[in-house]
>>> print(open('model-v1.cif').read())   # mmCIF, C-alpha atoms
data_model
#
loop_
_atom_site.label_atom_id
_atom_site.label_comp_id
_atom_site.auth_asym_id
_atom_site.auth_seq_id
_atom_site.Cartn_x
_atom_site.Cartn_y
_atom_site.Cartn_z
CA MET A 1 -0.78 6.52 -28.20
CA LYS A 2 0.93 9.49 -26.57
CA LEU A 3 3.43 8.93 -23.77
CA ALA A 4 4.59 11.82 -21.57
CA TRP A 5 7.94 12.21 -19.87
CA ARG A 6 9.78 14.69 -17.67
CA GLU A 7 13.45 15.62 -17.57
CA LEU A 8 15.73 17.25 -15.03
CA GLY A 9 19.43 18.09 -15.26
CA GLU A 10 22.15 17.71 -17.85
CA GLY A 11 24.82 15.09 -18.41
CA ARG A 12 24.77 11.34 -18.69
CA PRO A 13 21.22 10.06 -19.39
CA VAL A 14 19.53 7.90 -16.76
CA ILE A 15 16.00 6.63 -17.41
CA LEU A 16 13.88 6.00 -14.31
CA VAL A 17 10.57 4.15 -14.58
CA HIS A 18 7.91 4.59 -11.89
CA GLY A 19 5.79 1.99 -10.10
CA LEU A 20 2.23 0.73 -10.53
CA PHE A 21 -0.53 3.37 -10.14
CA SER A 22 2.15 6.07 -9.69
CA ASP A 23 3.82 8.47 -12.11
CA ALA A 24 7.18 10.13 -12.76
CA ASN A 25 6.41 13.12 -10.56
CA THR A 26 5.36 11.07 -7.53
CA ASN A 27 8.17 8.50 -7.65
CA TRP A 28 11.12 10.63 -8.73
CA ILE A 29 10.46 14.39 -8.43
CA LYS A 30 8.14 14.96 -5.45
CA PHE A 31 10.58 13.67 -2.83
CA GLY A 32 13.74 15.11 -4.39
CA HIS A 33 15.30 11.97 -5.87
CA ALA A 34 15.63 13.33 -9.41
CA GLU A 35 17.11 16.57 -8.11
CA ARG A 36 19.76 14.67 -6.12
CA ILE A 37 20.69 12.57 -9.15
CA ALA A 38 20.78 15.60 -11.46
CA ALA A 39 23.05 17.40 -8.99
CA VAL A 40 25.80 14.81 -9.52
CA GLY A 41 25.82 15.25 -13.29
CA PHE A 42 22.91 13.35 -14.82
CA ARG A 43 20.12 14.04 -17.28
CA VAL A 44 17.28 12.33 -15.44
CA ILE A 45 14.60 11.11 -17.89
CA MET A 46 11.32 9.95 -16.35
CA PRO A 47 8.51 8.59 -18.54
CA ASP A 48 4.90 8.15 -17.47
CA LEU A 49 3.91 4.61 -18.40
CA ARG A 50 0.91 3.82 -20.57
CA ALA A 51 -2.29 4.16 -18.46
CA HIS A 52 -0.43 6.32 -15.90
CA GLY A 53 0.19 9.98 -15.16
CA LEU A 54 0.07 12.32 -18.14
CA SER A 55 0.28 9.51 -20.70
CA ASP A 56 -2.73 8.18 -22.60
CA LYS A 57 -5.08 5.80 -20.78
CA PRO A 58 -7.04 3.97 -23.48
CA GLN A 59 -9.86 1.68 -22.41
CA ASP A 60 -9.61 -0.47 -25.54
CA PRO A 61 -8.27 -3.98 -24.77
CA GLN A 62 -6.37 -3.94 -28.06
CA ALA A 63 -4.13 -1.21 -26.61
CA TYR A 64 -2.75 -3.68 -24.07
CA PRO A 65 -0.91 -6.56 -25.76
CA CYS A 66 1.39 -8.78 -23.72
CA GLY A 67 4.64 -7.05 -22.81
CA VAL A 68 3.47 -3.63 -23.97
CA LEU A 69 5.34 -1.64 -21.32
CA ALA A 70 8.71 -3.08 -22.31
CA ARG A 71 7.84 -2.41 -25.94
CA ASP A 72 6.99 1.18 -25.05
CA LEU A 73 10.31 1.50 -23.23
CA HIS A 74 12.28 0.17 -26.22
CA GLU A 75 10.49 2.64 -28.49
CA PHE A 76 10.98 5.50 -26.02
CA ILE A 77 14.74 4.87 -25.88
CA ALA A 78 14.85 4.78 -29.68
CA HIS A 79 12.75 7.97 -29.90
CA LEU A 80 15.31 9.83 -27.76
CA ASP A 81 18.16 8.26 -29.78
CA LEU A 82 19.89 7.02 -26.62
CA THR A 83 22.73 4.53 -26.98
CA ASP A 84 24.75 5.13 -23.79
CA PHE A 85 22.57 5.43 -20.70
CA ASP A 86 21.64 4.03 -17.31
CA LEU A 87 18.23 2.44 -16.72
CA GLY A 88 16.15 1.45 -13.74
CA GLY A 89 12.80 1.52 -12.03
CA PHE A 90 10.78 1.01 -8.90
CA SER A 91 8.42 -1.98 -8.49
CA LEU A 92 6.55 -2.15 -11.82
CA GLY A 93 9.36 -0.02 -13.23
CA ALA A 94 11.84 -2.64 -12.10
CA ARG A 95 9.75 -5.39 -13.70
CA THR A 96 9.69 -3.39 -16.94
CA THR A 97 13.46 -2.87 -16.75
CA VAL A 98 14.03 -6.61 -16.33
CA GLN A 99 12.05 -7.37 -19.48
CA ALA A 100 13.70 -4.56 -21.46
CA VAL A 101 17.20 -5.77 -20.57
CA GLY A 102 16.15 -9.36 -21.19
CA GLU A 103 15.02 -8.30 -24.65
CA GLY A 104 18.24 -6.54 -25.54
CA GLU A 105 18.66 -3.14 -23.89
CA ARG A 106 22.21 -2.67 -22.58
CA PRO A 107 22.46 0.16 -20.05
CA ARG A 108 25.80 0.96 -18.43
CA LYS A 109 24.19 0.43 -15.01
CA ALA A 110 20.77 -0.96 -14.04
CA ILE A 111 18.57 -0.32 -11.01
CA LEU A 112 15.91 -2.68 -9.67
CA ALA A 113 14.20 -0.98 -6.72
CA GLY A 114 11.30 -2.25 -4.63
CA MET A 115 11.65 -5.68 -6.21
CA GLY A 116 12.50 -9.20 -5.04
CA LEU A 117 13.02 -12.42 -6.91
CA GLU A 118 9.58 -13.79 -6.11
CA GLY A 119 7.94 -10.62 -7.40
CA LEU A 120 9.35 -11.37 -10.82
CA SER A 121 8.31 -15.01 -10.83
CA ASP A 122 4.88 -15.00 -9.17
CA TRP A 123 2.97 -12.32 -11.02
CA ASN A 124 -0.38 -14.14 -10.93
CA ARG A 125 -0.53 -13.72 -7.15
CA ARG A 126 0.22 -9.98 -7.31
CA GLN A 127 -2.12 -9.49 -10.26
CA ALA A 128 -4.98 -11.11 -8.34
CA PHE A 129 -4.35 -8.77 -5.40
CA PHE A 130 -4.55 -5.65 -7.57
CA HIS A 131 -7.62 -6.85 -9.48
CA GLU A 132 -9.28 -7.43 -6.11
CA ALA A 133 -8.27 -3.94 -5.00
CA ILE A 134 -9.95 -2.51 -8.10
CA ALA A 135 -13.07 -4.58 -7.42
CA GLN A 136 -13.13 -3.46 -3.77
CA PHE A 137 -12.46 0.20 -4.65
CA ASP A 138 -15.75 1.59 -3.34
CA ILE A 139 -16.48 -0.88 -0.55
CA ALA A 140 -13.17 -1.66 1.17
CA ARG A 141 -12.77 -0.64 4.80
CA ARG A 142 -9.73 0.37 6.81
CA GLY A 143 -7.88 -2.78 7.81
CA ASP A 144 -8.72 -4.67 4.61
CA PRO A 145 -5.63 -5.97 2.77
CA TRP A 146 -6.33 -3.71 -0.21
CA TRP A 147 -6.95 -0.54 1.83
CA MET A 148 -3.57 1.16 1.26
CA ALA A 149 -3.47 0.29 -2.44
CA ILE A 150 -6.97 1.70 -2.89
CA GLN A 151 -6.10 4.92 -1.06
CA PHE A 152 -3.09 5.35 -3.33
CA MET A 153 -5.24 4.74 -6.42
CA LYS A 154 -7.66 7.40 -5.19
CA THR A 155 -4.83 9.86 -4.57
CA MET A 156 -3.42 9.25 -8.05
CA LYS A 157 -6.89 9.34 -9.69
CA VAL A 158 -6.17 6.03 -11.41
CA ASP A 159 -8.29 5.03 -14.40
CA ARG A 160 -9.40 1.65 -13.10
CA VAL A 161 -10.51 0.30 -16.48
CA ALA A 162 -7.16 1.09 -18.10
CA ALA A 163 -5.26 -0.18 -15.04
CA GLY A 164 -7.15 -3.48 -15.06
CA LEU A 165 -6.35 -4.01 -18.72
CA LEU A 166 -2.69 -3.18 -18.17
CA LEU A 167 -2.35 -5.68 -15.31
CA ARG A 168 -3.07 -8.51 -17.75
CA THR A 169 -0.13 -7.57 -20.00
CA PHE A 170 2.59 -8.70 -17.58
CA GLU A 171 4.20 -12.12 -17.42
CA ASP A 172 6.67 -13.85 -15.14
CA ALA A 173 10.26 -12.92 -15.88
CA HIS A 174 11.95 -15.52 -18.06
CA PRO A 175 15.00 -16.98 -16.24
CA GLU A 176 17.20 -16.11 -19.20
CA TRP A 177 16.31 -12.42 -18.81
CA LEU A 178 18.16 -12.32 -15.49
CA ASN A 179 21.26 -13.77 -17.13
CA GLU A 180 21.48 -10.65 -19.31
CA PHE A 181 22.22 -8.41 -16.31
CA MET A 182 25.99 -8.48 -16.78
CA MET A 183 26.14 -4.73 -16.11
CA PRO A 184 26.48 -3.49 -12.49
CA THR A 185 22.96 -3.67 -11.05
CA LEU A 186 21.66 -2.02 -7.89
CA ILE A 187 19.01 -3.86 -5.84
CA LEU A 188 17.46 -1.13 -3.68
CA CYS A 189 14.72 -2.04 -1.23
CA GLY A 190 13.13 -0.90 2.01
CA SER A 191 14.07 -2.70 5.22
CA GLU A 192 10.41 -3.65 5.76
CA ASP A 193 9.52 -4.23 2.11
CA GLN A 194 8.55 -7.81 1.31
CA ASP A 195 5.76 -6.93 -1.12
CA ASN A 196 7.66 -8.35 -4.08
CA GLY A 197 9.61 -11.02 -2.26
CA SER A 198 13.25 -11.13 -1.20
CA ALA A 199 15.65 -8.47 -2.47
CA SER A 200 18.54 -10.63 -1.25
CA ASN A 201 17.38 -13.56 -3.38
CA LEU A 202 17.18 -11.27 -6.40
CA ALA A 203 20.69 -9.95 -5.78
CA GLU A 204 22.01 -13.50 -5.53
CA ALA A 205 20.29 -14.48 -8.79
CA LEU A 206 21.99 -11.75 -10.82
CA PRO A 207 25.54 -11.96 -12.19
CA ASN A 208 26.72 -8.51 -11.00
CA ALA A 209 24.45 -7.08 -8.31
CA THR A 210 24.91 -4.79 -5.30
CA GLN A 211 22.20 -4.70 -2.64
CA ILE A 212 21.43 -1.56 -0.62
CA THR A 213 18.73 -1.40 2.04
CA VAL A 214 17.02 1.85 3.02
CA PRO A 215 14.42 2.45 5.74
CA GLY A 216 10.74 1.81 5.12
CA THR A 217 8.05 -0.36 3.61
CA HIS A 218 7.18 -0.72 -0.07
CA MET A 219 5.00 2.39 0.14
CA SER A 220 7.20 4.52 2.41
CA SER A 221 10.77 3.70 1.33
CA VAL A 222 10.44 5.48 -2.02
CA ALA A 223 9.32 8.63 -0.18
CA LYS A 224 12.41 8.86 2.05
CA ALA A 225 15.51 10.95 1.37
CA GLU A 226 17.74 7.90 1.85
CA PHE A 227 16.26 6.37 -1.29
CA GLY A 228 17.40 9.23 -3.53
CA VAL A 229 20.75 9.54 -1.79
CA ALA A 230 21.45 5.85 -2.44
CA LEU A 231 20.54 6.23 -6.12
CA ALA A 232 22.73 9.31 -6.62
CA GLU A 233 25.72 7.81 -4.84
CA TRP A 234 25.50 4.52 -6.70
CA LEU A 235 25.08 6.09 -10.13
CA SER A 236 27.95 8.54 -9.63
CA PRO A 237 31.33 7.59 -11.09
CA ALA A 238 33.71 6.06 -8.56
#
>>> encode(input="model-v1.cif", output="structure tokens")
Amino acid sequence: MKLAWRELGEGRPVILVHGLFSDANTNWIKFGHAERIAAVGFRVIMPDLRAHGLSDKPQDPQAYPCGVLARDLHEFIAHLDLTDFDLGGFSLGARTTVQAVGEGERPRKAILAGMGLEGLSDWNRRQAFFHEAIAQFDIARRGDPWWMAIQFMKTMKVDRVAAGLLLRTFEDAHPEWLNEFMMPTLILCGSEDQDNGSASNLAEALPNATQITVPGTHMSSVAKAEFGVALAEWLSPA
């Protein structure tokens, strides 16, 4: 299994994990977020998850055990020999960050973007939606609930077999995982983003969280300059 990653800048390492069906370039580089963060003194490290981007996309079910993305993240951090770093992600990247921290990673600061409390605790509902989107890939019409997700999959040239297998590897966040977020944690979400539940509820459930709201929906907020500005300002030393 080969996993790809991109880097930008020099300084303190910050690992940013992209969302479902996306990749490092689309989430972090294309709209200038990584450049803004690098400009304030960071080495921005952006992996492509298994079954995404430039990383391998096996179609063998055995390549997708439960919790594989968090395992990949642990092994990626070890591969780069990182011991003092920041860590965060958007949507699926936030879910992966929650599991990684719950399983022992200890970043200086954490970022959970595009995520609410219910999105961590009701994965079966979200999984069913994405499996349906894959099933409706060639027959959905504008106005169908899966239309936007399908258009994004088409844009990203998603391997639907690999993606379907990966969806089954996630589980609801264990309550004790959230208790491990003793580090300062940013909850960053669009003003119209309810795709993964309430960002406010997630902030309240964590021991040391700061909530910032930027304009946009789940799909559009991550494409706006305000998103990257908020990340760079929050990560920067006081």
>>> resolve_selection(input="model-v1.cif", expression="the PyMOL selection byres ((chain A and resi 94-98) around 7)", output="VMD selection string")
chain A and resid 69 to 70 88 to 93 99 to 102 112 to 113 115 120 177
>>> closest_atom_pairs(input="model-v1.cif", of="region 170-227 of chain A", to="region 18-37 of chain A", cutoff="10 Å", atoms="only C-alpha atoms", output="JSON lines")
{"residue": "A:Val222", "atom": "CA", "partner": "A:Asn27", "partner_atom": "CA", "distance": 6.8}
{"residue": "A:Ala223", "atom": "CA", "partner": "A:Phe31", "partner_atom": "CA", "distance": 5.8}
{"residue": "A:Lys224", "atom": "CA", "partner": "A:Phe31", "partner_atom": "CA", "distance": 7.1}
{"residue": "A:Ala225", "atom": "CA", "partner": "A:Phe31", "partner_atom": "CA", "distance": 7.0}
{"residue": "A:Glu226", "atom": "CA", "partner": "A:His33", "partner_atom": "CA", "distance": 9.1}
{"residue": "A:Phe227", "atom": "CA", "partner": "A:His33", "partner_atom": "CA", "distance": 7.3}
>>> closest_residue(input="model-v1.cif", among="A:Ile139, A:Met156, A:Met148, A:Ala110", to="Ala51 (chain A)", atoms="all atoms listed in the file")
A:Met156
>>> atom_distance(input="model-v1.cif", atom1="CA of Ala78 (chain A)", atom2="CA of Pro58 (chain A)")
22.8 Å
>>> resolve_selection(input="model-v1.cif", expression="the PyMOL selection byres ((chain A and resi 173) around 6)", output="list in words")
Leu120, Ser121, Asp172 and His174 of chain A
>>> decode(input="model-v1.cif", residues="region 8-34 of chain A", atoms="N, CA and C atoms", output="short mmCIF file (atom, residue, chain, number, x, y, z; two decimals), in the first residue's frame")
data_model
loop_
_atom_site.label_atom_id
_atom_site.label_comp_id
_atom_site.auth_asym_id
_atom_site.auth_seq_id
_atom_site.Cartn_x
_atom_site.Cartn_y
_atom_site.Cartn_z
N LEU A 8 4.24 21.80 2.05
CA LEU A 8 4.46 23.20 1.69
C LEU A 8 4.97 23.94 2.92
N GLY A 9 6.05 24.70 2.75
CA GLY A 9 6.55 25.54 3.83
C GLY A 9 7.54 24.84 4.74
N GLU A 10 8.08 25.63 5.66
CA GLU A 10 9.04 25.15 6.64
C GLU A 10 8.65 25.65 8.01
N GLY A 11 9.03 24.90 9.04
CA GLY A 11 8.73 25.31 10.41
C GLY A 11 8.03 24.21 11.17
N ARG A 12 7.17 24.60 12.08
CA ARG A 12 6.46 23.63 12.90
C ARG A 12 5.55 22.75 12.05
N PRO A 13 5.60 21.42 12.19
CA PRO A 13 4.75 20.55 11.36
C PRO A 13 3.27 20.65 11.75
N VAL A 14 2.43 20.74 10.76
CA VAL A 14 0.98 20.60 10.96
C VAL A 14 0.47 19.64 9.89
N ILE A 15 -0.19 18.58 10.32
CA ILE A 15 -0.74 17.57 9.42
C ILE A 15 -2.22 17.89 9.19
N LEU A 16 -2.62 18.00 7.93
CA LEU A 16 -4.00 18.29 7.59
C LEU A 16 -4.55 17.16 6.73
N VAL A 17 -5.69 16.62 7.14
CA VAL A 17 -6.27 15.44 6.49
C VAL A 17 -7.56 15.87 5.77
N HIS A 18 -7.65 15.53 4.51
CA HIS A 18 -8.77 15.96 3.66
C HIS A 18 -10.05 15.19 3.94
N GLY A 19 -11.13 15.60 3.25
CA GLY A 19 -12.44 15.00 3.43
C GLY A 19 -12.73 13.87 2.46
N LEU A 20 -13.88 13.25 2.63
CA LEU A 20 -14.31 12.11 1.82
C LEU A 20 -14.42 12.50 0.34
N PHE A 21 -13.90 11.64 -0.53
CA PHE A 21 -13.90 11.79 -1.98
C PHE A 21 -12.98 12.91 -2.47
N SER A 22 -12.30 13.60 -1.58
CA SER A 22 -11.44 14.71 -1.95
C SER A 22 -9.99 14.26 -1.96
N ASP A 23 -9.07 15.22 -1.90
CA ASP A 23 -7.65 14.90 -1.76
C ASP A 23 -6.93 16.11 -1.18
N ALA A 24 -5.63 15.97 -0.93
CA ALA A 24 -4.88 17.05 -0.30
C ALA A 24 -4.89 18.31 -1.15
N ASN A 25 -4.73 18.15 -2.46
CA ASN A 25 -4.69 19.31 -3.33
C ASN A 25 -6.00 20.09 -3.28
N THR A 26 -7.12 19.39 -3.38
CA THR A 26 -8.42 20.06 -3.44
C THR A 26 -8.78 20.75 -2.13
N ASN A 27 -8.55 20.07 -1.01
CA ASN A 27 -8.95 20.64 0.28
C ASN A 27 -8.00 21.74 0.77
N TRP A 28 -6.70 21.57 0.54
CA TRP A 28 -5.74 22.43 1.25
C TRP A 28 -4.90 23.32 0.35
N ILE A 29 -4.65 22.93 -0.90
CA ILE A 29 -3.75 23.70 -1.76
C ILE A 29 -4.52 24.57 -2.74
N LYS A 30 -5.53 24.02 -3.39
CA LYS A 30 -6.23 24.68 -4.49
C LYS A 30 -6.75 26.06 -4.12
N PHE A 31 -7.27 26.21 -2.92
CA PHE A 31 -7.88 27.48 -2.52
C PHE A 31 -6.98 28.32 -1.61
N GLY A 32 -5.70 27.94 -1.51
CA GLY A 32 -4.72 28.78 -0.84
C GLY A 32 -4.56 28.58 0.65
N HIS A 33 -5.26 27.60 1.23
CA HIS A 33 -5.19 27.44 2.69
C HIS A 33 -3.78 27.04 3.14
N ALA A 34 -3.18 26.08 2.48
CA ALA A 34 -1.84 25.63 2.87
C ALA A 34 -0.83 26.76 2.74
#
